[in-house]
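Structure data (TSV, C-alpha atoms) from model.tsv:
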chain	number	residue	atom	x	y	z
A	74	MET	CA	-29.03	24.98	60.45
A	75	ALA	CA	-27.51	21.97	62.20
A	76	LYS	CA	-27.96	18.79	60.21
A	77	ASN	CA	-29.47	16.83	63.10
A	78	ASN	CA	-32.15	19.51	63.60
A	79	HIS	CA	-33.48	19.44	60.07
A	80	HIS	CA	-35.55	16.46	58.96
A	81	PHE	CA	-34.79	17.04	55.28
A	82	LEU	CA	-31.03	17.17	55.72
A	83	LYS	CA	-30.71	13.54	56.82
A	84	LEU	CA	-29.47	12.28	53.44
A	85	VAL	CA	-27.53	15.38	52.40
A	86	PRO	CA	-23.73	14.93	52.26
A	87	ASP	CA	-22.13	16.89	55.10
A	88	GLU	CA	-20.06	19.06	52.75
A	89	LEU	CA	-23.22	20.27	50.95
A	90	VAL	CA	-25.40	21.19	53.94
A	91	LYS	CA	-24.60	24.93	53.77
A	92	LYS	CA	-25.55	25.03	50.09
A	93	LYS	CA	-29.06	23.75	50.74
A	94	THR	CA	-31.08	26.96	50.40
A	95	GLY	CA	-34.00	25.61	48.37
A	96	LEU	CA	-37.05	23.43	48.85
A	97	ASN	CA	-37.86	20.52	51.12
A	98	VAL	CA	-38.86	17.90	48.53
A	99	LEU	CA	-40.75	14.81	49.64
A	100	ILE	CA	-40.67	11.88	47.21
A	101	HIS	CA	-43.39	9.33	47.82
A	102	SER	CA	-44.37	6.09	46.09
A	103	ASP	CA	-46.36	2.97	46.84
A	104	CYS	CA	-43.18	0.98	46.06
A	105	ASN	CA	-39.56	1.68	45.17
A	106	VAL	CA	-40.26	1.09	41.49
A	107	ALA	CA	-36.98	0.33	39.65
A	108	ASN	CA	-35.22	2.25	42.47
A	109	MET	CA	-36.31	5.48	40.76
A	110	PRO	CA	-37.71	7.19	43.90
A	111	MET	CA	-34.42	6.77	45.76
A	112	THR	CA	-32.36	7.58	42.67
A	113	LEU	CA	-34.19	10.91	42.39
A	114	CYS	CA	-33.75	11.54	46.12
A	115	ARG	CA	-29.98	11.00	45.93
A	116	LEU	CA	-29.66	13.18	42.83
A	117	ILE	CA	-31.55	16.08	44.41
A	118	ASN	CA	-29.35	15.95	47.49
A	119	LYS	CA	-26.12	15.69	45.51
A	120	HIS	CA	-26.66	18.15	42.66
A	121	THR	CA	-29.26	20.78	43.62
A	122	ILE	CA	-29.94	23.48	46.20
A	123	HIS	CA	-32.94	21.46	47.44
A	124	ARG	CA	-33.19	18.84	50.20
A	125	ALA	CA	-35.01	15.55	49.67
A	126	ARG	CA	-36.39	12.57	51.59
A	127	CYS	CA	-38.13	9.49	50.26
A	128	VAL	CA	-41.12	7.65	51.74
A	129	ILE	CA	-41.99	4.23	50.32
A	130	LEU	CA	-45.20	2.58	51.48
A	131	ASN	CA	-44.47	-1.08	50.63
A	132	GLY	CA	-41.14	-2.89	50.71
A	133	ASP	CA	-40.34	-5.80	48.37
A	134	TYR	CA	-37.83	-8.57	47.66
A	135	LEU	CA	-35.73	-6.46	45.27
A	136	ALA	CA	-33.89	-4.87	48.23
A	137	TYR	CA	-33.16	-1.52	46.61
A	138	ASP	CA	-31.63	1.48	48.37
A	139	ARG	CA	-34.13	3.03	50.79
A	140	ASP	CA	-34.88	5.89	53.17
A	141	ILE	CA	-38.24	5.37	54.93
A	142	GLU	CA	-40.27	2.22	54.34
A	143	ILE	CA	-43.61	2.10	56.17
A	144	ILE	CA	-44.50	-1.55	55.50
A	145	SER	CA	-41.70	-4.11	55.15
A	146	LYS	CA	-41.53	-6.84	52.51
A	147	ASP	CA	-42.91	-9.16	55.21
A	148	ALA	CA	-46.01	-6.92	55.61
A	149	ILE	CA	-44.91	-5.61	59.02
A	150	HIS	CA	-46.02	-2.03	59.78
A	151	ASN	CA	-43.35	0.25	61.22
A	152	GLN	CA	-45.06	2.83	63.43
A	153	LYS	CA	-41.85	4.81	63.94
A	154	ALA	CA	-41.38	5.06	60.17
A	155	MET	CA	-45.00	6.12	59.73
A	156	ASP	CA	-44.61	8.87	62.35
A	157	GLU	CA	-41.45	10.17	60.69
A	158	ALA	CA	-43.13	10.06	57.28
A	159	SER	CA	-46.07	12.08	58.62
A	160	THR	CA	-43.67	14.71	59.95
A	161	LEU	CA	-41.99	14.96	56.55
A	162	VAL	CA	-45.36	15.42	54.85
A	163	ARG	CA	-46.11	18.37	57.15
A	164	LYS	CA	-42.70	20.00	56.63
A	165	ALA	CA	-42.37	19.50	52.85
A	166	ASP	CA	-42.59	22.38	50.38
A	167	PHE	CA	-42.98	20.22	47.29
A	168	TYR	CA	-44.26	16.69	46.71
A	169	HIS	CA	-42.99	14.36	44.00
A	170	ILE	CA	-45.42	11.44	43.82
A	171	MET	CA	-44.29	8.38	41.88
A	172	ARG	CA	-47.09	6.13	40.56
A	173	VAL	CA	-49.84	6.85	43.10
A	174	ALA	CA	-50.28	8.75	46.38
A	175	MET	CA	-51.07	6.21	49.10
A	176	PRO	CA	-52.67	7.57	52.28
A	177	TRP	CA	-51.90	6.41	55.80
A	178	PRO	CA	-53.47	7.46	59.13
A	179	GLY	CA	-53.22	11.26	59.45
A	180	VAL	CA	-52.25	11.82	55.81
A	181	GLU	CA	-54.98	12.58	53.26
A	182	TRP	CA	-53.32	13.54	49.98
A	183	SER	CA	-56.40	15.14	48.40
A	184	GLU	CA	-56.18	17.83	51.10
A	185	ILE	CA	-52.45	18.40	50.59
A	186	LEU	CA	-51.68	18.30	46.87
A	187	LYS	CA	-52.21	21.44	44.79
A	188	SER	CA	-51.46	22.40	41.20
A	189	ASP	CA	-48.39	24.41	42.30
A	190	ASN	CA	-46.86	22.16	44.96
A	191	CYS	CA	-46.51	18.73	43.38
A	192	VAL	CA	-45.88	16.60	40.34
A	193	PHE	CA	-46.83	12.98	39.66
A	194	GLN	CA	-44.51	10.60	37.84
A	195	TYR	CA	-45.90	7.41	36.36
A	196	TRP	CA	-43.98	4.16	35.87
A	197	GLY	CA	-44.82	0.79	34.48
A	198	SER	CA	-48.51	-0.01	34.04
A	199	ILE	CA	-50.01	1.95	36.94
A	200	ILE	CA	-51.84	4.59	34.87
A	201	ARG	CA	-52.13	2.55	31.69
A	202	LEU	CA	-54.17	-0.11	33.48
A	203	ASN	CA	-55.91	2.06	36.07
A	204	LYS	CA	-56.59	5.51	34.59
A	205	ASN	CA	-60.33	4.78	34.39
A	206	ARG	CA	-60.61	2.97	37.74
A	207	PRO	CA	-61.28	4.70	41.10
A	208	MET	CA	-57.83	5.20	42.61
A	209	MET	CA	-58.13	8.20	44.96
A	210	LYS	CA	-60.63	9.65	47.41
A	211	LEU	CA	-62.04	13.17	47.24
A	212	GLY	CA	-64.04	13.47	50.42
A	213	ASP	CA	-66.49	10.59	50.29
A	214	LYS	CA	-66.18	10.20	46.52
A	215	GLU	CA	-63.71	7.93	44.77
A	216	ILE	CA	-62.19	9.41	41.61
A	217	THR	CA	-60.04	8.02	38.80
A	218	LEU	CA	-56.50	9.17	38.08
A	219	LYS	CA	-57.79	10.77	34.91
A	220	GLU	CA	-60.41	12.75	36.89
A	221	PHE	CA	-57.81	13.69	39.48
A	222	HIS	CA	-55.56	15.37	36.90
A	223	GLU	CA	-58.47	17.03	35.16
A	224	LEU	CA	-60.00	18.39	38.37
A	225	PHE	CA	-56.87	19.61	40.10
A	226	LYS	CA	-54.79	20.57	37.02
A	227	ILE	CA	-51.86	18.71	38.52
A	228	LYS	CA	-48.90	18.11	36.23
A	229	ALA	CA	-47.44	14.67	35.63
A	230	ILE	CA	-44.36	13.09	34.10
A	231	ASN	CA	-44.18	9.88	32.16
A	232	TYR	CA	-41.60	8.39	29.88
A	233	ALA	CA	-42.82	8.04	26.28
A	234	ASP	CA	-45.98	6.00	26.66
A	235	TYR	CA	-48.67	7.12	24.23
A	236	SER	CA	-51.34	5.06	26.03
A	237	MET	CA	-50.98	7.26	29.13
A	238	LEU	CA	-51.97	10.47	27.35
A	239	GLU	CA	-55.70	10.04	26.80
A	240	GLY	CA	-57.75	12.60	28.68
A	241	ALA	CA	-54.94	14.32	30.56
A	242	GLY	CA	-52.26	14.53	27.89
A	243	GLU	CA	-51.94	18.30	27.98
A	244	MET	CA	-50.72	18.04	31.57
A	245	PHE	CA	-47.98	15.49	30.94
A	246	TYR	CA	-44.23	16.06	30.54
A	247	HIS	CA	-41.89	13.45	29.06
A	248	LEU	CA	-38.46	12.88	30.59
A	249	ALA	CA	-36.03	10.00	30.01
A	250	PHE	CA	-35.36	8.34	33.36
A	251	PRO	CA	-31.79	8.33	34.71
A	252	HIS	CA	-29.22	5.57	34.73
A	253	ASP	CA	-25.58	5.87	35.80
A	254	VAL	CA	-23.66	3.89	33.19
A	255	SER	CA	-20.41	4.36	35.12
A	256	GLN	CA	-21.73	1.89	37.71
A	257	MET	CA	-22.25	-0.85	35.12
A	258	VAL	CA	-19.59	-3.28	33.93
A	259	PRO	CA	-19.95	-4.31	30.24
A	260	CYS	CA	-21.10	-7.89	29.83
A	261	ARG	CA	-18.63	-10.70	29.18
A	262	GLU	CA	-18.62	-11.61	25.50
A	263	ALA	CA	-19.16	-15.25	24.60
A	264	LYS	CA	-15.97	-17.07	23.63
A	265	PRO	CA	-15.74	-19.02	20.34
A	266	GLY	CA	-17.69	-22.24	20.72
A	267	GLU	CA	-19.45	-21.01	23.85
A	268	LYS	CA	-23.24	-20.65	23.96
A	269	VAL	CA	-24.64	-17.13	23.85
A	270	LYS	CA	-26.69	-16.41	26.96
A	271	VAL	CA	-30.07	-14.71	26.69
A	272	CYS	CA	-31.55	-13.39	29.93
A	273	HIS	CA	-35.06	-12.34	30.95
A	274	ALA	CA	-36.08	-10.97	34.36
A	275	PRO	CA	-39.86	-10.51	34.47
A	276	THR	CA	-41.63	-8.97	37.44
A	277	ASN	CA	-44.93	-9.80	35.73
A	278	ARG	CA	-44.92	-12.65	33.20
A	279	GLU	CA	-48.22	-11.70	31.57
A	280	ILE	CA	-47.27	-8.06	30.97
A	281	LYS	CA	-43.81	-8.97	29.67
A	282	GLY	CA	-44.92	-11.73	27.30
A	283	THR	CA	-42.74	-14.28	29.07
A	284	ASP	CA	-44.60	-17.39	27.87
A	285	THR	CA	-44.09	-16.41	24.22
A	286	PHE	CA	-40.41	-15.74	24.85
A	287	LEU	CA	-39.90	-19.08	26.62
A	288	ALA	CA	-41.58	-20.93	23.73
A	289	VAL	CA	-39.24	-19.20	21.27
A	290	MET	CA	-36.18	-20.10	23.33
A	291	ASP	CA	-37.34	-23.71	23.57
A	292	ARG	CA	-37.62	-23.92	19.77
A	293	LEU	CA	-34.18	-22.39	19.25
A	294	ILE	CA	-32.55	-24.81	21.68
A	295	LYS	CA	-34.29	-27.80	20.04
A	296	LYS	CA	-33.04	-26.60	16.63
A	297	GLY	CA	-29.47	-26.75	17.94
A	298	VAL	CA	-28.84	-23.00	18.07
A	299	ALA	CA	-25.92	-22.26	20.41
A	300	VAL	CA	-28.02	-20.37	22.93
A	301	GLU	CA	-28.63	-20.68	26.68
A	302	LEU	CA	-31.57	-19.28	28.65
A	303	LYS	CA	-31.13	-17.37	31.92
A	304	LEU	CA	-34.55	-16.79	33.48
A	305	ILE	CA	-34.24	-14.54	36.55
A	306	GLU	CA	-37.17	-14.31	38.96
A	307	ARG	CA	-37.63	-13.19	42.59
A	308	GLU	CA	-33.98	-12.27	43.05
A	309	SER	CA	-32.66	-9.10	44.65
A	310	HIS	CA	-31.67	-6.42	42.18
A	311	THR	CA	-27.99	-6.91	43.06
A	312	GLU	CA	-28.17	-10.64	42.31
A	313	CYS	CA	-30.18	-10.01	39.15
A	314	MET	CA	-27.50	-7.65	37.81
A	315	ARG	CA	-24.76	-10.14	38.69
A	316	ILE	CA	-26.46	-12.84	36.63
A	317	LYS	CA	-27.17	-10.48	33.74
A	318	GLN	CA	-23.51	-9.43	33.56
A	319	GLY	CA	-22.69	-12.89	32.20
A	320	CYS	CA	-25.28	-12.63	29.39
A	321	GLN	CA	-24.97	-11.10	25.94
A	322	ILE	CA	-28.65	-10.60	24.96
A	323	CYS	CA	-31.51	-9.38	27.15
A	324	PHE	CA	-35.19	-9.78	26.35
A	325	ASP	CA	-37.33	-7.07	27.96
A	326	SER	CA	-40.96	-7.17	26.82
A	327	LEU	CA	-43.43	-8.04	24.05
A	328	ASN	CA	-46.24	-5.90	25.43
A	329	PRO	CA	-47.95	-4.23	22.43
A	330	GLU	CA	-50.01	-1.92	24.67
A	331	GLN	CA	-46.82	-0.55	26.19
A	332	GLY	CA	-44.58	-0.29	23.14
A	333	LEU	CA	-41.64	1.33	24.88
A	334	TYR	CA	-38.45	0.19	26.51
A	335	GLY	CA	-38.09	0.33	30.29
A	336	SER	CA	-35.45	-0.01	32.97
A	337	THR	CA	-34.65	-3.60	31.93
A	338	SER	CA	-33.59	-2.45	28.46
A	339	VAL	CA	-31.67	0.51	29.86
A	340	GLU	CA	-29.74	-1.75	32.24
A	341	ALA	CA	-29.06	-4.14	29.35
A	342	MET	CA	-27.75	-1.34	27.13
A	343	ALA	CA	-25.61	-0.01	29.98
A	344	GLN	CA	-24.06	-3.50	30.20
A	345	ALA	CA	-23.42	-3.43	26.41
A	346	GLN	CA	-25.93	-6.21	25.77
A	347	VAL	CA	-28.36	-6.43	22.87
A	348	ALA	CA	-31.70	-5.27	24.33
A	349	LEU	CA	-34.87	-6.70	22.73
A	350	CYS	CA	-38.24	-5.04	23.28
A	351	CYS	CA	-41.56	-4.28	21.61
A	352	ILE	CA	-41.23	-0.65	20.42
A	353	ASN	CA	-44.05	1.39	18.87
A	354	SER	CA	-43.93	4.36	16.50
A	355	PHE	CA	-44.59	6.92	19.25
A	356	THR	CA	-41.54	5.75	21.22
A	357	LYS	CA	-39.41	5.77	18.09
A	358	SER	CA	-40.55	9.33	17.35
A	359	ALA	CA	-39.37	10.39	20.81
A	360	PHE	CA	-36.10	8.41	20.71
A	361	PRO	CA	-35.20	7.94	17.01
A	362	ASP	CA	-31.59	6.91	17.71
A	363	CYS	CA	-32.43	4.35	20.39
A	364	PRO	CA	-30.53	1.10	19.65
A	365	VAL	CA	-33.01	-1.18	21.41
A	366	VAL	CA	-33.80	-3.88	18.84
A	367	PRO	CA	-37.58	-3.90	18.16
A	368	VAL	CA	-39.34	-7.25	18.28
A	369	VAL	CA	-42.89	-8.60	17.95
A	370	PRO	CA	-43.99	-12.22	18.51
A	371	GLN	CA	-43.64	-13.00	14.80
A	372	THR	CA	-40.01	-11.80	14.60
A	373	LEU	CA	-38.63	-12.70	18.04
A	374	GLU	CA	-37.16	-16.08	17.06
A	375	GLU	CA	-35.52	-14.71	13.91
A	376	VAL	CA	-34.02	-11.73	15.77
A	377	ILE	CA	-32.60	-13.77	18.63
A	378	ARG	CA	-31.07	-16.27	16.22
A	379	TYR	CA	-29.48	-13.48	14.16
A	380	TYR	CA	-27.72	-11.91	17.14
A	381	VAL	CA	-26.68	-15.28	18.56
A	382	GLU	CA	-25.03	-16.21	15.25
A	383	ASN	CA	-23.51	-12.79	14.43
A	384	PRO	CA	-21.08	-11.70	17.17
A	385	GLU	CA	-19.91	-8.57	15.35
A	386	ALA	CA	-23.49	-7.28	15.02
A	387	ARG	CA	-24.11	-8.19	18.66
A	388	GLN	CA	-21.07	-6.28	19.85
A	389	SER	CA	-21.83	-3.28	17.63
A	390	VAL	CA	-25.36	-2.94	19.04
A	391	GLY	CA	-23.97	-3.40	22.55
A	392	ARG	CA	-21.48	-0.54	22.15
A	393	ALA	CA	-24.17	1.71	20.69
A	394	GLY	CA	-26.50	0.95	23.58
A	395	ARG	CA	-23.96	1.84	26.24
A	396	GLU	CA	-23.18	5.16	24.52
A	397	TYR	CA	-26.90	5.89	24.18
A	398	VAL	CA	-27.60	5.37	27.88
A	399	GLU	CA	-24.65	7.56	28.82
A	400	ARG	CA	-26.01	10.35	26.63
A	401	VAL	CA	-29.81	10.14	26.82
A	402	HIS	CA	-30.25	8.71	30.32
A	403	SER	CA	-27.60	10.88	31.98
A	404	PRO	CA	-28.44	11.38	35.69
A	405	LEU	CA	-27.16	14.97	35.60
A	406	ARG	CA	-29.30	15.77	32.55
A	407	TYR	CA	-32.34	14.22	34.25
A	408	ILE	CA	-31.98	16.04	37.56
A	409	THR	CA	-31.39	19.36	35.79
A	410	GLN	CA	-34.57	18.88	33.78
A	411	MET	CA	-36.46	17.86	36.91
A	412	VAL	CA	-35.57	20.78	39.16
A	413	TYR	CA	-36.33	23.34	36.44
A	414	LEU	CA	-39.66	21.57	35.98
A	415	TYR	CA	-40.31	22.01	39.72
A	416	GLN	CA	-39.54	25.69	39.31
A	417	THR	CA	-41.97	25.94	36.38
A	418	ILE	CA	-44.77	24.22	38.32
A	419	ILE	CA	-44.30	26.49	41.35
A	420	ASN	CA	-43.67	29.84	39.64
A	421	GLY	CA	-44.73	29.38	36.04
A	422	THR	CA	-42.25	29.98	33.21
A	423	THR	CA	-39.70	32.53	34.39
A	424	ASN	CA	-36.47	33.76	32.85
A	425	ILE	CA	-33.37	32.06	34.26
A	426	ARG	CA	-30.82	34.41	35.80
A	427	HIS	CA	-27.88	32.05	35.40
A	428	ASP	CA	-27.31	28.44	34.40
A	429	ASP	CA	-26.70	27.12	37.91
A	430	GLU	CA	-29.69	28.82	39.50
A	431	VAL	CA	-30.90	25.62	41.16
A	432	MET	CA	-27.83	23.42	40.74
A	433	ILE	CA	-24.70	23.10	42.89
Structure rendered as C-alpha cells:
Amino acid sequence: MAKNNHHFLKLVPDELVKKKTGLNVLIHSDCNVANMPMTLCRLINKHTIHRARCVILNGDYLAYDRDIEIISKDAIHNQKAMDEASTLVRKADFYHIMRVAMPWPGVEWSEILKSDNCVFQYWGSIIRLNKNRPMMKLGDKEITLKEFHELFKIKAINYADYSMLEGAGEMFYHLAFPHDVSQMVPCREAKPGEKVKVCHAPTNREIKGTDTFLAVMDRLIKKGVAVELKLIERESHTECMRIKQGCQICFDSLNPEQGLYGSTSVEAMAQAQVALCCINSFTKSAFPDCPVVPVVPQTLEEVIRYYVENPEARQSVGRAGREYVERVHSPLRYITQMVYLYQTIINGTTNIRHDDEVMI
C-alpha cells in the first residue's frame, strides 16, 4: 500500500513500509508526558510489524517530539488536527491510552474501548490522585478510573507504584519505561576546587518536595559546603537537559506516597549523575539493583553532603546508574515486552512460533 494512502504509515521509515503487516496502533494521551507517548510511537514504527500514530490533546512548554496535537500550548484548538485524529480513531485496530482517555467532538471512548482492543498506561500521579474521583463518562453516569477497570476488565500498565494497585491490581502489568542512553552525554565532573552542582527540575513543587530540598540546599551553602544549586523550571526539555549536563547530582523527589524513581532519575543516571529520590520497599523489591540513592527529608542533607565531598563515590554511583539504564530501561527490551503484551490482550496467551514474530 502506498505510504501516502495509509494514515498509519505517516511516521514509518520508507525502508520499512513493506514490512508493516500488523496492527494500526493509536497512542493517545492528554499530554506528552515525559515524551513517552511519542517514544512508544517511534519504537513501534522502527522495531515492529505494526504501524503507529500519536494523538496528544494538550501541548505544553516542554516542546517534546510530536505527531498530532489538538490543542497547542497557547490553548489554540486545531480543527484540522482534530479531524485527522478522529480519522485515526476510526481506522485503529488497537488503542494505547497513556494516563487518561480524553474525548473530543465525535469521539466517545467508552463506546470504543474494549477488553481486547486497548491498554492503559499510567504515569506520574494521574491514577494515584484520581482513582476514586469521577474521570470518565459511561452514558450519563460519571465513573472513576477504578470502576472503569473493574467494569470493563481493561488491562493497564504502570511502573512500580504500589499505590496504584488498590482495587484493580489484578489487571495491572509492570514495565520499566524506555530510555536511550546512547543519546545522553555523561555529565562533566567537577574539577578540584570547583563547586559540585546539584540540579532539580520540578514540574510540580508540592509533589516533588521542592521546598524541603531548597531549605536543605540553603543550609549546606550557609555551612560553607562547596555546592551550587541549579533550579530548572519552565524550560524546554532540550534546554533542561543542557543545564543538567553540567551538574553532578540530581534531586528527583521526596514524595513518600510515590516512593519510586521517575524519568528525572532515569535521565540523571543516563548522564552518570548521582540520582536522589524517595524509594519505598515495593520499588526496591521490583528493582533491587537500582543505584538511585534513597533519601527522606531527615537524611537528604547528609546524603547530599556525602556525595559532594566524596568524588570517588559520586563517580562510582554515576557509572553504575548509566549501566543500569542501558540494561533495565533498554528501548528494545521495552518495545518487545509491549508488543507481546498487545498480542496477549488481543488473543490471550498463545505459543510463540518464533522469536521475531512481531519484531522486524
Find the residues with any atom within 7 Å of (-37.6, 11.5, 56.8); use all atoms listed in the file and the coordinates as given in the file, and write the answer as a PDB file with C-alpha atoms, keeping the file's coordinate frame.
ATOM      1  CA  HIS A  80     -35.550  16.460  58.960  1.00  0.00           C
ATOM      2  CA  PHE A  81     -34.790  17.040  55.280  1.00  0.00           C
ATOM      3  CA  ARG A 126     -36.390  12.570  51.590  1.00  0.00           C
ATOM      4  CA  CYS A 127     -38.130   9.490  50.260  1.00  0.00           C
ATOM      5  CA  ILE A 141     -38.240   5.370  54.930  1.00  0.00           C
ATOM      6  CA  GLU A 157     -41.450  10.170  60.690  1.00  0.00           C
ATOM      7  CA  ALA A 158     -43.130  10.060  57.280  1.00  0.00           C
ATOM      8  CA  LEU A 161     -41.990  14.960  56.550  1.00  0.00           C
TER       9      LEU A 161
END
Around (-55.3, 13.2, 49.1) in the file's own coordinates, what residues are found within 12 Å if you use all atoms listed in the file, given back as a PDB file with C-alpha atoms, in the coordinates of the input?
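Saved to point_13.pdb:
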ATOM      1  CA  VAL A 162     -45.360  15.420  54.850  1.00  0.00           C
ATOM      2  CA  TYR A 168     -44.260  16.690  46.710  1.00  0.00           C
ATOM      3  CA  ILE A 170     -45.420  11.440  43.820  1.00  0.00           C
ATOM      4  CA  VAL A 173     -49.840   6.850  43.100  1.00  0.00           C
ATOM      5  CA  ALA A 174     -50.280   8.750  46.380  1.00  0.00           C
ATOM      6  CA  MET A 175     -51.070   6.210  49.100  1.00  0.00           C
ATOM      7  CA  PRO A 176     -52.670   7.570  52.280  1.00  0.00           C
ATOM      8  CA  TRP A 177     -51.900   6.410  55.800  1.00  0.00           C
ATOM      9  CA  PRO A 178     -53.470   7.460  59.130  1.00  0.00           C
ATOM     10  CA  GLY A 179     -53.220  11.260  59.450  1.00  0.00           C
ATOM     11  CA  VAL A 180     -52.250  11.820  55.810  1.00  0.00           C
ATOM     12  CA  GLU A 181     -54.980  12.580  53.260  1.00  0.00           C
ATOM     13  CA  TRP A 182     -53.320  13.540  49.980  1.00  0.00           C
ATOM     14  CA  SER A 183     -56.400  15.140  48.400  1.00  0.00           C
ATOM     15  CA  GLU A 184     -56.180  17.830  51.100  1.00  0.00           C
ATOM     16  CA  ILE A 185     -52.450  18.400  50.590  1.00  0.00           C
ATOM     17  CA  LEU A 186     -51.680  18.300  46.870  1.00  0.00           C
ATOM     18  CA  LYS A 187     -52.210  21.440  44.790  1.00  0.00           C
ATOM     19  CA  CYS A 191     -46.510  18.730  43.380  1.00  0.00           C
ATOM     20  CA  MET A 208     -57.830   5.200  42.610  1.00  0.00           C
ATOM     21  CA  MET A 209     -58.130   8.200  44.960  1.00  0.00           C
ATOM     22  CA  LYS A 210     -60.630   9.650  47.410  1.00  0.00           C
ATOM     23  CA  LEU A 211     -62.040  13.170  47.240  1.00  0.00           C
ATOM     24  CA  GLY A 212     -64.040  13.470  50.420  1.00  0.00           C
ATOM     25  CA  ASP A 213     -66.490  10.590  50.290  1.00  0.00           C
ATOM     26  CA  LYS A 214     -66.180  10.200  46.520  1.00  0.00           C
ATOM     27  CA  GLU A 215     -63.710   7.930  44.770  1.00  0.00           C
ATOM     28  CA  ILE A 216     -62.190   9.410  41.610  1.00  0.00           C
ATOM     29  CA  LEU A 218     -56.500   9.170  38.080  1.00  0.00           C
ATOM     30  CA  PHE A 221     -57.810  13.690  39.480  1.00  0.00           C
ATOM     31  CA  PHE A 225     -56.870  19.610  40.100  1.00  0.00           C
TER      32      PHE A 225
END
Which residues are close to Cys323 in chain A, i.e. within 8 Å by all atoms listed in the file, leaving aside same-chain residues fewer than 4 positions away? Reply as a short mmCIF file (atom, residue, chain, number, x, y, z; two decimals) with C-alpha atoms, in the coordinates of the input.
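For reference, result_33.cif as written:
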data_model
loop_
_atom_site.label_atom_id
_atom_site.label_comp_id
_atom_site.auth_asym_id
_atom_site.auth_seq_id
_atom_site.Cartn_x
_atom_site.Cartn_y
_atom_site.Cartn_z
CA VAL A 271 -30.07 -14.71 26.69
CA CYS A 272 -31.55 -13.39 29.93
CA HIS A 273 -35.06 -12.34 30.95
CA LYS A 317 -27.17 -10.48 33.74
CA SER A 338 -33.59 -2.45 28.46
CA ALA A 341 -29.06 -4.14 29.35
CA GLN A 346 -25.93 -6.21 25.77
CA VAL A 347 -28.36 -6.43 22.87
CA ALA A 348 -31.70 -5.27 24.33
CA LEU A 349 -34.87 -6.70 22.73
#
If you take all atoms listed in the file and a cut-off of 7 Å, which residues of range 252-371 of chain A touch range 390-413 of chain A, and what are their nearest atom pairs and distances in Å to one decimal, in chain and number order, as CSV?
residue,atom,partner,partner_atom,distance
A:His252,CA,A:His402,CA,5.5
A:Asp253,CA,A:Pro404,CA,6.2
A:Val254,CA,A:Glu399,CA,5.8
A:Val339,CA,A:Val398,CA,6.6
A:Met342,CA,A:Gly394,CA,4.4
A:Ala343,CA,A:Arg395,CA,4.5
A:Gln344,CA,A:Arg395,CA,6.6
A:Ala345,CA,A:Gly391,CA,3.9
A:Gln346,CA,A:Gly391,CA,4.7
A:Val347,CA,A:Gly391,CA,5.3
A:Cys363,CA,A:Tyr397,CA,6.9
A:Pro364,CA,A:Gly394,CA,5.6
Would you save the residues from that selection as a tab-separated table (two decimals), in the coordinates of the input, using C-alpha atoms?
chain	number	residue	atom	x	y	z
A	252	HIS	CA	-29.22	5.57	34.73
A	253	ASP	CA	-25.58	5.87	35.80
A	254	VAL	CA	-23.66	3.89	33.19
A	339	VAL	CA	-31.67	0.51	29.86
A	342	MET	CA	-27.75	-1.34	27.13
A	343	ALA	CA	-25.61	-0.01	29.98
A	344	GLN	CA	-24.06	-3.50	30.20
A	345	ALA	CA	-23.42	-3.43	26.41
A	346	GLN	CA	-25.93	-6.21	25.77
A	347	VAL	CA	-28.36	-6.43	22.87
A	363	CYS	CA	-32.43	4.35	20.39
A	364	PRO	CA	-30.53	1.10	19.65
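What separates CA of Leu304 in chain A from CA of Phe286 in chain A is a distance of 10.5 Å.
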Report the centre and edge lengths, in Å to one decimal, of an axis-aligned box enclosing every atom of range 406-411 of chain A listed in the file, padded by 8 Å on each side, as AutoDock Vina command-line options.
--center_x -32.9 --center_y 16.8 --center_z 35.1 --size_x 23.2 --size_y 21.1 --size_z 21.0
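Considering all atoms listed in the file, the residue among A:Val90, A:Met171, A:Ile149, A:Leu327 positioned nearest to Cys114 in chain A is A:Met171.
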*With only C-alpha atoms as the basis for distance, which of A:Asp140, A:Glu340, A:Asp362, A:Asp291 is at the shortest distance from Phe250 in chain A?*
A:Glu340
_Using all atoms listed in the file, which protein or nucleic acid residues come within 7 Å of Val300 in chain A? Drop anything in the same chain fewer than 6 positions from it, and give the result as a ChimeraX atom specification._
/A:268-270,294,381
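Computed from the coordinates, the CA of Asp103 in chain A to CA of Asn131 in chain A distance equals 5.9 Å.
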*Which distance in Å separates CA of Leu82 in chain A and CA of Ala125 in chain A, to one decimal?*
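Between CA of Leu82 in chain A and CA of Ala125 in chain A the gap works out to 7.4 Å.
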*With only C-alpha atoms as the atoms that count, which of A:Met290, A:Ile143, A:Val106, A:Ile117 lies nearest to His310 in chain A?*
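Closest residue, counting only C-alpha atoms: A:Val106.
Proximity ranking of A:Arg206, A:Arg426, A:His123, A:Lys281 relative to Asn97 in chain A places A:His123 first, based on only C-alpha atoms.
Nearest residue to Gly332 in chain A, choosing from A:Lys91, A:Lys357, A:Arg315, A:Lys264 and counting all atoms listed in the file: A:Lys357.
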*Can you work out which one of A:Val258, A:Val368, A:Ile230, A:Ile425 has the shortest atom-to-atom distance to Phe245 in chain A, counting only C-alpha atoms?*
A:Ile230
Take range 208-213 of chain A, model N, CA and C atoms, and hand the result over as a PDB file, in the frame of the given file.
ATOM      1  N   MET A 208     -59.155   5.408  42.017  1.00  0.00           N
ATOM      2  CA  MET A 208     -57.830   5.200  42.610  1.00  0.00           C
ATOM      3  C   MET A 208     -57.565   6.150  43.787  1.00  0.00           C
ATOM      4  N   MET A 209     -58.356   7.221  43.900  1.00  0.00           N
ATOM      5  CA  MET A 209     -58.130   8.200  44.960  1.00  0.00           C
ATOM      6  C   MET A 209     -59.468   8.629  45.541  1.00  0.00           C
ATOM      7  N   LYS A 210     -59.415   9.176  46.766  1.00  0.00           N
ATOM      8  CA  LYS A 210     -60.630   9.650  47.410  1.00  0.00           C
ATOM      9  C   LYS A 210     -60.651  11.167  47.442  1.00  0.00           C
ATOM     10  N   LEU A 211     -61.812  11.746  47.120  1.00  0.00           N
ATOM     11  CA  LEU A 211     -62.040  13.170  47.240  1.00  0.00           C
ATOM     12  C   LEU A 211     -63.255  13.323  48.147  1.00  0.00           C
ATOM     13  N   GLY A 212     -62.969  13.530  49.442  1.00  0.00           N
ATOM     14  CA  GLY A 212     -64.040  13.470  50.420  1.00  0.00           C
ATOM     15  C   GLY A 212     -64.579  12.058  50.495  1.00  0.00           C
ATOM     16  N   ASP A 213     -65.874  11.924  50.269  1.00  0.00           N
ATOM     17  CA  ASP A 213     -66.490  10.590  50.290  1.00  0.00           C
ATOM     18  C   ASP A 213     -66.537   9.948  48.908  1.00  0.00           C
TER      19      ASP A 213
END
